[in-house]
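What follows is one structure encoded as structure tokens, with my remarks underneath.
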Amino acid sequence: MNGARSLLATLVGGGVNVCFSNPGTSEMHFVAALDDVPDMRGILTLFEGVATGAADGYARMAGRPAATLLHLGPGLGNGLANLHNARRARTPVVNIVGDHATYHTRFDAPLESDIASIARPVSGWYRRSARADDVGADAADAVAAAYGPPGCVATLVLPADASWSESATGPCPPRPRTSAPRVAPETVEGVAKALRSGERTALLLGGTALRARGLHAASRVSGASGALLLGETFPANLERGAGIPAVDRLGYLAEFAQAQLDGVQHLVLVDAKAPVSFFAYPGKSSDLVPAGCTVHTLVRPGEDAPEALEALVDILGARDDDATPAATTRPDRPSGPLTSESLAAAIGAVLPEHAVVVDEGNTSGLFVSGATAGAPRHDWLTLTGGAIGIGLPAATGAAVAAPHRPVLCLQADGSAMYTLQALWTQAREGLNVTTVVLANRSYAILNMELQRVGADAGGPLSRRLLDLTAPDLDFVALSRGMGVPARRVETAEELTAALEASFAEPGPAVIEVPLPGGMR
């Protein structure tokens, strides 16, 4: 058994049985070993950023890592943006990067690079296998590190000779899984004291606190204490819909977030970070915690957030009826012209039960969250790290992880072009993904930011740099060219009918929605 087969067998034994791949010469023995380890599902992507984003979306839904297979340092570099998003989401990913044979490195071949320096900023764990005999143990360690808690990108570099050489040790059994540590009772008592103080208090929820169990407990705490309930701006996976307590997400714009937090004297962090502005703006604060507010950390990343919130429920004596589950409501089916509001109403009117929504709608998707708050229970995945190009790949991975659940990808047109190749993988694998392309032919969010940073740029050259016309992008033609059925809709009625038809049919589909300029 060579190192590549040892690696694959170890991954499968550790529960990692999907690998999103864009391989090259150095990874050919890994590719060949797929026939010897059929329990590993190899999925080809046409760009490394699709592979890494799909692994992120898969793990957010499956609760276990997928693997990636990338080609040397340049391939890793191509996948870096979505590994950054995965790091911010604390997603478990086993990131396999092929390398030149150990003896070949000294020749400085054209693809030689400093893989360690590229990988470490996005990796919570990093190792380079030295020999085929080491590969099984290294892979088992990588899987354990990826699981965490908290989850992380675990990067394992596989030199070609460690892959093709015979391994005397073979596969390695899985390492014992580590449970999330419990929050200390005195920490819970300290937060309870703040909640009983009579001063304005807010709970800021993130990570695992935004799953149904954590939300029910947090809503009971809020109902019993009067604390404001907020969620992080871009959650990895927010469970929501009818029967689940709703939570307002902290605003993206600093001014909106400051308004939400105005007057808060105690801010309790539950698997979340203290809020900061996404960017620096002249004359505006980067720290969004109100002046004089005391920040309390109830749950750190990797700790058991639902258990800590339930302990807080017990201390406060909160009752079941202190929670406020979202009511079952849907907007009326919209009619007339397509606007951001009618788009949101159409989605809210027909979103299926147990849907997975991957949201990279950016500005044009602004109203969709509100319109779906009372829809049947669903999961909502967002852009955790701000690196655009996550929507289509994450939807691809989510559909692999949950093949019997409908996946809706809300995709802005500009960021769609970063990783449009994901559509080809969706077609090849027959994945149930409905992609709604929100097409206004503009980098609208940057037009807004141009003003917010105080840049004096209203001329034709600056406007042209943020414009997506001349030529217009034709997403119907682009999608069909990659094997995905597509149509363009012109009215709210057409959009509603197209969504229903796509949800009812297996396989991927694209719906292009032209929207008025100024929205993205």
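Every chain in the structure tokens has a letter given in the order shown (A, B, ...), and although residue numbers restart at 1 in each chain, ligands are simply numbered from 1 in the order shown.
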
Could you find all residues in range 69-267 of chain A that DSSP calls alpha helix (DSSP H) from the backbone, and write them as a compact mmCIF listing (two decimals) with all heavy atoms, in the first residue's frame?
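Output file states-v4.txt follows:
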# COMPACT_ATOMS: atom_id res chain seq x y z
N LEU A 72 -0.10 21.99 -5.39
CA LEU A 72 1.07 22.81 -5.05
C LEU A 72 0.66 24.20 -4.54
O LEU A 72 -0.51 24.47 -4.26
CB LEU A 72 1.99 22.93 -6.26
CG LEU A 72 2.48 21.61 -6.88
CD1 LEU A 72 3.22 21.87 -8.17
CD2 LEU A 72 3.39 20.88 -5.91
N GLY A 73 1.64 25.07 -4.38
CA GLY A 73 1.36 26.40 -3.83
C GLY A 73 0.44 27.24 -4.67
O GLY A 73 -0.47 27.89 -4.14
N PRO A 74 0.61 27.30 -6.01
CA PRO A 74 -0.32 28.10 -6.82
C PRO A 74 -1.76 27.62 -6.73
O PRO A 74 -2.69 28.43 -6.67
CB PRO A 74 0.24 27.95 -8.24
CG PRO A 74 1.71 27.73 -8.04
CD PRO A 74 1.79 26.88 -6.80
N GLY A 75 -1.99 26.30 -6.69
CA GLY A 75 -3.35 25.80 -6.52
C GLY A 75 -3.92 26.19 -5.18
O GLY A 75 -5.09 26.56 -5.06
N LEU A 76 -3.10 26.10 -4.15
CA LEU A 76 -3.54 26.55 -2.82
C LEU A 76 -3.87 28.03 -2.84
O LEU A 76 -4.88 28.46 -2.27
CB LEU A 76 -2.43 26.26 -1.81
CG LEU A 76 -2.63 26.82 -0.40
CD1 LEU A 76 -3.87 26.25 0.25
CD2 LEU A 76 -1.39 26.53 0.47
N GLY A 77 -3.02 28.81 -3.53
CA GLY A 77 -3.29 30.25 -3.61
C GLY A 77 -4.62 30.54 -4.28
O GLY A 77 -5.36 31.44 -3.86
N ASN A 78 -4.96 29.77 -5.32
CA ASN A 78 -6.24 29.97 -5.99
C ASN A 78 -7.43 29.67 -5.07
O ASN A 78 -8.51 30.22 -5.25
CB ASN A 78 -6.34 29.07 -7.22
CG ASN A 78 -5.58 29.62 -8.41
OD1 ASN A 78 -5.24 30.80 -8.44
ND2 ASN A 78 -5.29 28.77 -9.37
N LEU A 80 -7.43 30.20 -1.78
CA LEU A 80 -7.20 30.82 -0.48
C LEU A 80 -8.39 31.63 0.04
O LEU A 80 -8.70 31.60 1.23
CB LEU A 80 -5.96 31.73 -0.56
CG LEU A 80 -5.17 31.90 0.73
CD1 LEU A 80 -4.59 30.58 1.18
CD2 LEU A 80 -4.05 32.92 0.53
N ALA A 81 -9.09 32.35 -0.84
CA ALA A 81 -10.18 33.23 -0.37
C ALA A 81 -11.24 32.44 0.37
O ALA A 81 -11.72 32.84 1.44
CB ALA A 81 -10.79 33.98 -1.54
N ASN A 82 -11.64 31.29 -0.18
CA ASN A 82 -12.69 30.51 0.49
C ASN A 82 -12.16 29.71 1.67
O ASN A 82 -12.93 29.33 2.56
CB ASN A 82 -13.43 29.64 -0.51
CG ASN A 82 -14.47 30.44 -1.28
OD1 ASN A 82 -15.00 31.42 -0.77
ND2 ASN A 82 -14.73 30.05 -2.51
N LEU A 83 -10.86 29.45 1.72
CA LEU A 83 -10.28 28.92 2.96
C LEU A 83 -10.31 29.99 4.05
O LEU A 83 -10.51 29.68 5.23
CB LEU A 83 -8.86 28.42 2.73
CG LEU A 83 -8.73 27.14 1.91
CD1 LEU A 83 -7.26 26.84 1.64
CD2 LEU A 83 -9.40 25.96 2.61
N HIS A 84 -10.12 31.23 3.66
CA HIS A 84 -10.26 32.34 4.63
C HIS A 84 -11.68 32.37 5.19
O HIS A 84 -11.87 32.50 6.41
CB HIS A 84 -9.93 33.66 3.94
CG HIS A 84 -10.41 34.87 4.68
ND1 HIS A 84 -9.76 35.39 5.77
CD2 HIS A 84 -11.51 35.65 4.49
CE1 HIS A 84 -10.43 36.44 6.22
NE2 HIS A 84 -11.49 36.62 5.47
N ASN A 85 -12.69 32.25 4.32
CA ASN A 85 -14.08 32.22 4.79
C ASN A 85 -14.32 31.04 5.72
O ASN A 85 -15.01 31.15 6.74
CB ASN A 85 -15.04 32.16 3.61
CG ASN A 85 -15.07 33.46 2.83
OD1 ASN A 85 -14.96 34.54 3.39
ND2 ASN A 85 -15.24 33.36 1.52
N ALA A 86 -13.75 29.87 5.38
CA ALA A 86 -13.90 28.69 6.23
C ALA A 86 -13.25 28.90 7.59
O ALA A 86 -13.77 28.48 8.63
CB ALA A 86 -13.29 27.46 5.54
N ARG A 87 -12.09 29.55 7.59
CA ARG A 87 -11.43 29.84 8.88
C ARG A 87 -12.31 30.73 9.74
O ARG A 87 -12.47 30.49 10.95
CB ARG A 87 -10.08 30.51 8.62
CG ARG A 87 -9.32 30.89 9.90
CD ARG A 87 -8.01 31.56 9.59
NE ARG A 87 -8.17 32.90 9.04
CZ ARG A 87 -8.28 34.01 9.77
NH1 ARG A 87 -8.27 33.94 11.10
NH2 ARG A 87 -8.41 35.19 9.19
N ARG A 88 -12.89 31.74 9.14
CA ARG A 88 -13.75 32.65 9.90
C ARG A 88 -15.01 31.94 10.41
O ARG A 88 -15.55 32.30 11.46
CB ARG A 88 -14.14 33.85 9.03
CG ARG A 88 -13.01 34.85 8.85
CD ARG A 88 -12.72 35.57 10.14
NE ARG A 88 -11.72 36.62 9.99
CZ ARG A 88 -11.37 37.45 10.95
NH1 ARG A 88 -11.93 37.34 12.16
NH2 ARG A 88 -10.44 38.35 10.76
N ALA A 89 -15.49 30.96 9.64
CA ALA A 89 -16.67 30.20 10.06
C ALA A 89 -16.33 29.10 11.05
O ALA A 89 -17.24 28.45 11.57
CB ALA A 89 -17.36 29.59 8.83
N ILE A 115 4.88 26.83 0.32
CA ILE A 115 3.51 26.41 0.65
C ILE A 115 3.18 26.75 2.10
O ILE A 115 2.06 27.19 2.41
CB ILE A 115 3.33 24.91 0.37
CG1 ILE A 115 3.42 24.64 -1.13
CG2 ILE A 115 1.99 24.41 0.92
CD1 ILE A 115 3.36 23.17 -1.49
N ALA A 116 4.12 26.57 2.99
CA ALA A 116 3.85 26.83 4.41
C ALA A 116 3.42 28.27 4.64
O ALA A 116 2.47 28.53 5.38
CB ALA A 116 5.08 26.49 5.25
N SER A 117 4.10 29.21 4.01
CA SER A 117 3.76 30.62 4.21
C SER A 117 2.40 30.97 3.62
O SER A 117 1.70 31.86 4.12
CB SER A 117 4.84 31.51 3.57
OG SER A 117 6.06 31.37 4.27
N ILE A 118 2.02 30.28 2.55
CA ILE A 118 0.71 30.51 1.95
C ILE A 118 -0.39 29.91 2.83
O ILE A 118 -1.45 30.51 3.03
CB ILE A 118 0.64 29.90 0.54
CG1 ILE A 118 1.71 30.52 -0.37
CG2 ILE A 118 -0.74 30.10 -0.09
CD1 ILE A 118 1.90 29.79 -1.69
N ALA A 119 -0.14 28.72 3.37
CA ALA A 119 -1.18 27.98 4.08
C ALA A 119 -1.41 28.47 5.49
O ALA A 119 -2.56 28.45 5.97
CB ALA A 119 -0.81 26.49 4.11
N ALA A 132 6.26 8.23 3.36
CA ALA A 132 5.02 7.46 3.22
C ALA A 132 4.59 6.83 4.53
O ALA A 132 3.39 6.73 4.83
CB ALA A 132 5.19 6.40 2.14
N ASP A 133 5.56 6.42 5.35
CA ASP A 133 5.24 5.80 6.64
C ASP A 133 4.54 6.76 7.60
O ASP A 133 3.88 6.33 8.54
CB ASP A 133 6.51 5.26 7.30
CG ASP A 133 7.06 4.01 6.61
OD1 ASP A 133 6.38 3.49 5.70
OD2 ASP A 133 8.17 3.58 6.97
N ASP A 134 4.71 8.07 7.36
CA ASP A 134 4.12 9.08 8.26
C ASP A 134 2.71 9.48 7.84
O ASP A 134 1.98 10.10 8.63
CB ASP A 134 4.99 10.34 8.27
CG ASP A 134 6.39 10.09 8.76
OD1 ASP A 134 6.58 9.18 9.58
OD2 ASP A 134 7.31 10.82 8.30
N VAL A 135 2.33 9.17 6.60
CA VAL A 135 1.12 9.76 6.03
C VAL A 135 -0.14 9.37 6.81
O VAL A 135 -0.99 10.22 7.10
CB VAL A 135 0.98 9.38 4.55
CG1 VAL A 135 -0.39 9.80 4.01
CG2 VAL A 135 2.08 10.04 3.74
N GLY A 136 -0.28 8.11 7.18
CA GLY A 136 -1.49 7.67 7.89
C GLY A 136 -1.67 8.40 9.21
O GLY A 136 -2.76 8.93 9.50
N ALA A 137 -0.62 8.47 10.02
CA ALA A 137 -0.70 9.16 11.31
C ALA A 137 -0.93 10.65 11.13
O ALA A 137 -1.71 11.27 11.87
CB ALA A 137 0.57 8.90 12.12
N ASP A 138 -0.25 11.23 10.13
CA ASP A 138 -0.45 12.66 9.87
C ASP A 138 -1.90 12.94 9.46
O ASP A 138 -2.50 13.94 9.88
CB ASP A 138 0.50 13.13 8.77
CG ASP A 138 1.95 13.18 9.21
OD1 ASP A 138 2.21 13.12 10.43
OD2 ASP A 138 2.83 13.27 8.33
N ALA A 139 -2.47 12.06 8.64
CA ALA A 139 -3.86 12.25 8.22
C ALA A 139 -4.82 12.13 9.39
O ALA A 139 -5.78 12.90 9.50
CB ALA A 139 -4.22 11.24 7.13
N ALA A 140 -4.59 11.17 10.27
CA ALA A 140 -5.45 11.02 11.45
C ALA A 140 -5.36 12.26 12.33
O ALA A 140 -6.39 12.72 12.86
CB ALA A 140 -5.05 9.78 12.24
N ASP A 141 -4.17 12.81 12.48
CA ASP A 141 -4.01 14.05 13.25
C ASP A 141 -4.73 15.21 12.58
O ASP A 141 -5.31 16.07 13.25
CB ASP A 141 -2.53 14.38 13.43
CG ASP A 141 -1.82 13.43 14.39
OD1 ASP A 141 -2.51 12.71 15.14
OD2 ASP A 141 -0.58 13.40 14.37
N ALA A 142 -4.66 15.26 11.24
CA ALA A 142 -5.33 16.35 10.52
C ALA A 142 -6.84 16.29 10.71
O ALA A 142 -7.48 17.33 10.93
CB ALA A 142 -4.98 16.27 9.03
N VAL A 143 -7.41 15.10 10.64
CA VAL A 143 -8.85 14.96 10.83
C VAL A 143 -9.24 15.40 12.24
O VAL A 143 -10.21 16.15 12.43
CB VAL A 143 -9.30 13.51 10.56
CG1 VAL A 143 -10.77 13.32 10.94
CG2 VAL A 143 -9.08 13.14 9.10
N ALA A 144 -8.48 14.96 13.23
CA ALA A 144 -8.77 15.34 14.62
C ALA A 144 -8.68 16.84 14.81
O ALA A 144 -9.53 17.46 15.48
CB ALA A 144 -7.82 14.61 15.57
N ALA A 145 -7.66 17.46 14.20
CA ALA A 145 -7.49 18.91 14.33
C ALA A 145 -8.64 19.64 13.64
O ALA A 145 -9.14 20.65 14.16
CB ALA A 145 -6.15 19.33 13.74
N ALA A 146 -9.07 19.17 12.48
CA ALA A 146 -10.16 19.83 11.76
C ALA A 146 -11.45 19.81 12.57
O ALA A 146 -12.15 20.82 12.66
CB ALA A 146 -10.37 19.15 10.41
N TYR A 147 -11.75 18.67 13.20
CA TYR A 147 -12.94 18.57 14.03
C TYR A 147 -12.90 19.56 15.20
O TYR A 147 -13.92 20.09 15.63
CB TYR A 147 -13.09 17.15 14.58
CG TYR A 147 -13.87 16.21 13.71
CD1 TYR A 147 -13.27 15.10 13.12
CD2 TYR A 147 -15.24 16.38 13.51
CE1 TYR A 147 -14.00 14.21 12.34
CE2 TYR A 147 -15.98 15.51 12.74
CZ TYR A 147 -15.36 14.42 12.15
OH TYR A 147 -16.08 13.54 11.38
N ALA A 160 5.07 14.31 -3.44
CA ALA A 160 4.74 13.26 -4.40
C ALA A 160 5.38 11.93 -4.04
O ALA A 160 4.75 10.87 -4.20
CB ALA A 160 5.15 13.69 -5.81
N ASP A 161 6.62 11.97 -3.53
CA ASP A 161 7.26 10.69 -3.21
C ASP A 161 6.67 10.06 -1.95
O ASP A 161 6.66 8.83 -1.81
CB ASP A 161 8.78 10.82 -3.11
CG ASP A 161 9.25 11.94 -2.21
OD1 ASP A 161 8.44 12.85 -1.91
OD2 ASP A 161 10.42 11.94 -1.79
N ALA A 162 6.14 10.86 -1.02
CA ALA A 162 5.42 10.30 0.12
C ALA A 162 4.11 9.67 -0.33
O ALA A 162 3.59 8.75 0.31
CB ALA A 162 5.15 11.37 1.17
N SER A 163 3.58 10.14 -1.44
CA SER A 163 2.34 9.60 -2.00
C SER A 163 2.58 8.30 -2.74
O SER A 163 1.84 7.32 -2.57
CB SER A 163 1.72 10.65 -2.93
OG SER A 163 0.50 10.22 -3.46
N TRP A 164 3.63 8.24 -3.57
CA TRP A 164 3.81 7.04 -4.40
C TRP A 164 4.62 5.94 -3.74
O TRP A 164 4.55 4.78 -4.14
CB TRP A 164 4.39 7.40 -5.76
CG TRP A 164 5.84 7.82 -5.82
CD1 TRP A 164 6.93 7.17 -5.30
CD2 TRP A 164 6.37 8.97 -6.50
NE1 TRP A 164 8.09 7.83 -5.59
CE2 TRP A 164 7.78 8.95 -6.34
CE3 TRP A 164 5.81 10.02 -7.23
CZ2 TRP A 164 8.62 9.93 -6.87
CZ3 TRP A 164 6.64 10.98 -7.77
CH2 TRP A 164 8.02 10.95 -7.58
N PRO A 185 -19.03 27.20 35.89
CA PRO A 185 -20.22 27.72 36.57
C PRO A 185 -20.08 29.16 37.02
O PRO A 185 -21.06 29.92 36.97
CB PRO A 185 -20.38 26.77 37.77
CG PRO A 185 -19.72 25.50 37.34
CD PRO A 185 -18.57 25.92 36.48
N GLU A 186 -18.88 29.55 37.47
CA GLU A 186 -18.72 30.93 37.93
C GLU A 186 -18.86 31.93 36.78
O GLU A 186 -19.27 33.08 36.99
CB GLU A 186 -17.37 31.11 38.63
CG GLU A 186 -16.14 30.71 37.82
CD GLU A 186 -15.74 29.27 38.05
OE1 GLU A 186 -16.61 28.44 38.41
OE2 GLU A 186 -14.53 28.98 37.86
N THR A 187 -18.52 31.51 35.56
CA THR A 187 -18.71 32.38 34.40
C THR A 187 -20.20 32.60 34.15
O THR A 187 -20.65 33.72 33.90
CB THR A 187 -18.04 31.78 33.16
OG1 THR A 187 -16.64 31.64 33.39
CG2 THR A 187 -18.26 32.66 31.94
N VAL A 188 -20.97 31.52 34.23
CA VAL A 188 -22.41 31.62 34.04
C VAL A 188 -23.03 32.50 35.14
O VAL A 188 -23.89 33.35 34.86
CB VAL A 188 -23.06 30.22 34.03
CG1 VAL A 188 -24.56 30.33 33.80
CG2 VAL A 188 -22.42 29.34 32.95
N GLU A 189 -22.58 32.32 36.36
CA GLU A 189 -23.09 33.12 37.48
C GLU A 189 -22.79 34.61 37.25
O GLU A 189 -23.62 35.47 37.53
CB GLU A 189 -22.44 32.66 38.78
CG GLU A 189 -22.94 31.31 39.28
CD GLU A 189 -24.28 31.40 39.97
OE1 GLU A 189 -24.85 32.51 40.05
OE2 GLU A 189 -24.79 30.36 40.44
N GLY A 190 -21.59 34.92 36.73
CA GLY A 190 -21.24 36.31 36.48
C GLY A 190 -22.14 36.96 35.44
O GLY A 190 -22.55 38.12 35.59
N VAL A 191 -22.47 36.21 34.39
CA VAL A 191 -23.36 36.74 33.37
C VAL A 191 -24.77 36.90 33.93
O VAL A 191 -25.46 37.89 33.66
CB VAL A 191 -23.35 35.83 32.13
CG1 VAL A 191 -24.47 36.20 31.16
CG2 VAL A 191 -21.99 35.91 31.43
N ALA A 192 -25.22 35.93 34.74
CA ALA A 192 -26.54 36.04 35.35
C ALA A 192 -26.64 37.29 36.22
O ALA A 192 -27.68 37.96 36.25
CB ALA A 192 -26.84 34.79 36.17
N LYS A 193 -25.57 37.61 36.90
CA LYS A 193 -25.57 38.83 37.75
C LYS A 193 -25.77 40.07 36.89
O LYS A 193 -26.53 40.98 37.26
CB LYS A 193 -24.25 38.91 38.51
CG LYS A 193 -24.15 40.10 39.44
CD LYS A 193 -22.83 40.10 40.20
CE LYS A 193 -22.73 41.30 41.12
NZ LYS A 193 -21.43 41.32 41.85
N ALA A 194 -25.10 40.12 35.72
CA ALA A 194 -25.27 41.26 34.82
C ALA A 194 -26.71 41.34 34.31
O ALA A 194 -27.29 42.43 34.21
CB ALA A 194 -24.29 41.16 33.65
N LEU A 195 -27.30 40.19 34.00
CA LEU A 195 -28.67 40.16 33.51
C LEU A 195 -29.68 40.60 34.57
O LEU A 195 -30.75 41.13 34.25
CB LEU A 195 -29.02 38.75 33.01
CG LEU A 195 -28.32 38.31 31.72
CD1 LEU A 195 -28.48 36.81 31.51
CD2 LEU A 195 -28.88 39.06 30.52
N ALA A 212 -30.80 25.63 16.57
CA ALA A 212 -32.12 25.67 17.22
C ALA A 212 -32.04 25.54 18.73
O ALA A 212 -32.71 26.29 19.47
CB ALA A 212 -33.01 24.57 16.63
N ARG A 213 -31.23 24.60 19.23
CA ARG A 213 -31.17 24.41 20.68
C ARG A 213 -30.67 25.66 21.39
O ARG A 213 -31.25 26.11 22.40
CB ARG A 213 -30.25 23.22 20.99
CG ARG A 213 -30.08 22.93 22.46
CD ARG A 213 -29.09 21.80 22.70
NE ARG A 213 -28.65 21.76 24.09
CZ ARG A 213 -27.57 21.10 24.51
NH1 ARG A 213 -26.83 20.42 23.64
NH2 ARG A 213 -27.23 21.11 25.78
N GLY A 214 -29.62 26.27 20.86
CA GLY A 214 -29.10 27.48 21.47
C GLY A 214 -30.07 28.64 21.38
O GLY A 214 -30.22 29.43 22.33
N LEU A 215 -30.77 28.77 20.25
CA LEU A 215 -31.72 29.86 20.08
C LEU A 215 -32.90 29.74 21.03
O LEU A 215 -33.38 30.74 21.57
CB LEU A 215 -32.21 29.89 18.63
CG LEU A 215 -31.18 30.38 17.60
CD1 LEU A 215 -31.67 30.08 16.19
CD2 LEU A 215 -30.90 31.86 17.78
N HIS A 216 -33.39 28.51 21.25
CA HIS A 216 -34.49 28.33 22.21
C HIS A 216 -34.05 28.75 23.62
O HIS A 216 -34.79 29.44 24.33
CB HIS A 216 -34.96 26.88 22.20
CG HIS A 216 -35.89 26.55 21.08
ND1 HIS A 216 -37.18 27.03 21.01
CD2 HIS A 216 -35.71 25.80 19.96
CE1 HIS A 216 -37.76 26.59 19.91
NE2 HIS A 216 -36.90 25.84 19.26
N ALA A 217 -32.85 28.34 24.02
CA ALA A 217 -32.38 28.71 25.35
C ALA A 217 -32.15 30.21 25.45
O ALA A 217 -32.53 30.85 26.44
CB ALA A 217 -31.10 27.94 25.68
N ALA A 218 -31.54 30.80 24.43
CA ALA A 218 -31.27 32.23 24.45
C ALA A 218 -32.56 33.03 24.48
O ALA A 218 -32.66 34.07 25.16
CB ALA A 218 -30.43 32.62 23.24
N SER A 219 -33.58 32.57 23.76
CA SER A 219 -34.86 33.27 23.77
C SER A 219 -35.51 33.21 25.14
O SER A 219 -36.13 34.19 25.60
CB SER A 219 -35.78 32.66 22.71
OG SER A 219 -36.99 33.36 22.62
N ARG A 220 -35.37 32.10 25.84
CA ARG A 220 -35.89 32.01 27.21
C ARG A 220 -35.15 32.98 28.14
O ARG A 220 -35.77 33.64 28.99
CB ARG A 220 -35.77 30.58 27.72
CG ARG A 220 -36.69 29.59 27.00
CD ARG A 220 -36.41 28.16 27.38
NE ARG A 220 -36.76 27.88 28.77
CZ ARG A 220 -36.48 26.74 29.39
NH1 ARG A 220 -35.83 25.77 28.75
NH2 ARG A 220 -36.86 26.54 30.65
N VAL A 221 -33.84 33.07 27.96
CA VAL A 221 -33.06 34.03 28.75
C VAL A 221 -33.53 35.45 28.48
O VAL A 221 -33.74 36.26 29.40
CB VAL A 221 -31.55 33.88 28.45
CG1 VAL A 221 -30.76 35.03 29.06
CG2 VAL A 221 -31.03 32.54 28.95
N SER A 222 -33.72 35.76 27.20
CA SER A 222 -34.17 37.09 26.82
C SER A 222 -35.56 37.39 27.39
O SER A 222 -35.82 38.48 27.94
CB SER A 222 -34.19 37.21 25.30
OG SER A 222 -34.76 38.42 24.89
N GLY A 223 -36.46 36.41 27.30
CA GLY A 223 -37.81 36.62 27.81
C GLY A 223 -37.86 36.82 29.31
O GLY A 223 -38.65 37.62 29.82
N ALA A 224 -36.98 36.10 30.03
CA ALA A 224 -36.99 36.20 31.49
C ALA A 224 -36.28 37.44 32.00
O ALA A 224 -36.61 37.95 33.07
CB ALA A 224 -36.33 34.95 32.08
N SER A 225 -35.29 37.93 31.24
CA SER A 225 -34.45 39.03 31.74
C SER A 225 -34.69 40.35 31.04
O SER A 225 -34.25 41.40 31.54
CB SER A 225 -32.97 38.65 31.58
OG SER A 225 -32.63 38.56 30.20
N ALA A 254 -21.76 50.07 10.03
CA ALA A 254 -21.43 50.41 11.41
C ALA A 254 -22.51 51.27 12.06
O ALA A 254 -22.83 51.09 13.24
CB ALA A 254 -20.08 51.11 11.45
N GLU A 255 -23.09 52.19 11.29
CA GLU A 255 -24.11 53.07 11.85
C GLU A 255 -25.33 52.28 12.32
O GLU A 255 -25.92 52.59 13.35
CB GLU A 255 -24.54 54.12 10.81
CG GLU A 255 -23.41 55.02 10.35
CD GLU A 255 -22.72 54.51 9.10
OE1 GLU A 255 -22.52 53.28 8.98
OE2 GLU A 255 -22.36 55.34 8.26
N PHE A 256 -25.71 51.26 11.54
CA PHE A 256 -26.86 50.44 11.92
C PHE A 256 -26.55 49.62 13.17
O PHE A 256 -27.38 49.49 14.07
CB PHE A 256 -27.25 49.52 10.77
CG PHE A 256 -27.83 50.21 9.57
CD1 PHE A 256 -28.08 49.51 8.40
CD2 PHE A 256 -28.11 51.57 9.60
CE1 PHE A 256 -28.61 50.15 7.29
CE2 PHE A 256 -28.63 52.22 8.49
CZ PHE A 256 -28.89 51.51 7.34
N ALA A 257 -25.36 49.05 13.22
CA ALA A 257 -24.97 48.26 14.39
C ALA A 257 -24.92 49.13 15.64
O ALA A 257 -25.36 48.71 16.72
CB ALA A 257 -23.62 47.59 14.14
N GLN A 258 -24.40 50.33 15.51
CA GLN A 258 -24.34 51.23 16.67
C GLN A 258 -25.74 51.61 17.14
O GLN A 258 -25.98 51.72 18.35
CB GLN A 258 -23.53 52.48 16.30
CG GLN A 258 -22.03 52.21 16.20
CD GLN A 258 -21.27 53.40 15.67
OE1 GLN A 258 -21.71 54.09 14.75
NE2 GLN A 258 -20.10 53.66 16.25
N ALA A 259 -26.66 51.77 16.20
CA ALA A 259 -28.04 52.08 16.59
C ALA A 259 -28.66 50.90 17.34
O ALA A 259 -29.39 51.08 18.32
CB ALA A 259 -28.87 52.43 15.36
N GLN A 260 -28.37 49.67 16.89
CA GLN A 260 -28.91 48.49 17.58
C GLN A 260 -28.37 48.36 18.99
O GLN A 260 -29.06 47.90 19.90
CB GLN A 260 -28.56 47.23 16.78
CG GLN A 260 -29.32 47.05 15.48
CD GLN A 260 -28.76 45.91 14.65
OE1 GLN A 260 -27.65 45.97 14.14
NE2 GLN A 260 -29.53 44.84 14.54
N LEU A 261 -27.11 48.75 19.19
CA LEU A 261 -26.45 48.59 20.48
C LEU A 261 -26.55 49.84 21.36
O LEU A 261 -26.04 49.84 22.50
CB LEU A 261 -24.97 48.24 20.28
CG LEU A 261 -24.70 46.88 19.62
CD1 LEU A 261 -23.23 46.78 19.22
CD2 LEU A 261 -25.07 45.75 20.58

Neighbours of Pro290 in chain A within 10 Å (only C-alpha atoms; same-chain residues fewer than 5 positions away dropped), as a ChimeraX atom specification?
-> /A:258-259,261-267,275,295

10 Å contact set for Asp36 in chain A, only C-alpha atoms, chain neighbours under 4 positions out, as a PyMOL selection string | chain A and resi 1+5+8-9+31-32+40

Would you export the selected residues with N, CA and C atoms as a PDB file, in the first residue's frame, please?
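Output file out_8.pdb is given in full below:
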ATOM      1  N   MET A   1       0.857  -1.200   0.000  1.00  0.00           N
ATOM      2  CA  MET A   1       0.000   0.000   0.000  1.00  0.00           C
ATOM      3  C   MET A   1       0.893   1.251   0.000  1.00  0.00           C
ATOM      4  N   ARG A   5      -2.829   5.744  -0.866  1.00  0.00           N
ATOM      5  CA  ARG A   5      -3.918   4.870  -0.440  1.00  0.00           C
ATOM      6  C   ARG A   5      -4.042   4.878   1.085  1.00  0.00           C
ATOM      7  N   LEU A   8      -6.019   8.020   1.958  1.00  0.00           N
ATOM      8  CA  LEU A   8      -7.447   7.916   1.682  1.00  0.00           C
ATOM      9  C   LEU A   8      -8.149   6.994   2.673  1.00  0.00           C
ATOM     10  N   ALA A   9      -7.532   5.861   2.963  1.00  0.00           N
ATOM     11  CA  ALA A   9      -8.155   4.930   3.905  1.00  0.00           C
ATOM     12  C   ALA A   9      -8.265   5.549   5.293  1.00  0.00           C
ATOM     13  N   VAL A  31      -5.171  10.464  -6.974  1.00  0.00           N
ATOM     14  CA  VAL A  31      -6.272  10.246  -7.908  1.00  0.00           C
ATOM     15  C   VAL A  31      -6.414   8.752  -8.226  1.00  0.00           C
ATOM     16  N   ALA A  32      -5.293   8.087  -8.515  1.00  0.00           N
ATOM     17  CA  ALA A  32      -5.336   6.664  -8.852  1.00  0.00           C
ATOM     18  C   ALA A  32      -5.862   5.819  -7.694  1.00  0.00           C
ATOM     19  N   MET A  40     -14.411   6.780  -0.709  1.00  0.00           N
ATOM     20  CA  MET A  40     -14.119   8.201  -0.836  1.00  0.00           C
ATOM     21  C   MET A  40     -14.737   8.705  -2.138  1.00  0.00           C
TER      22      MET A  40
END
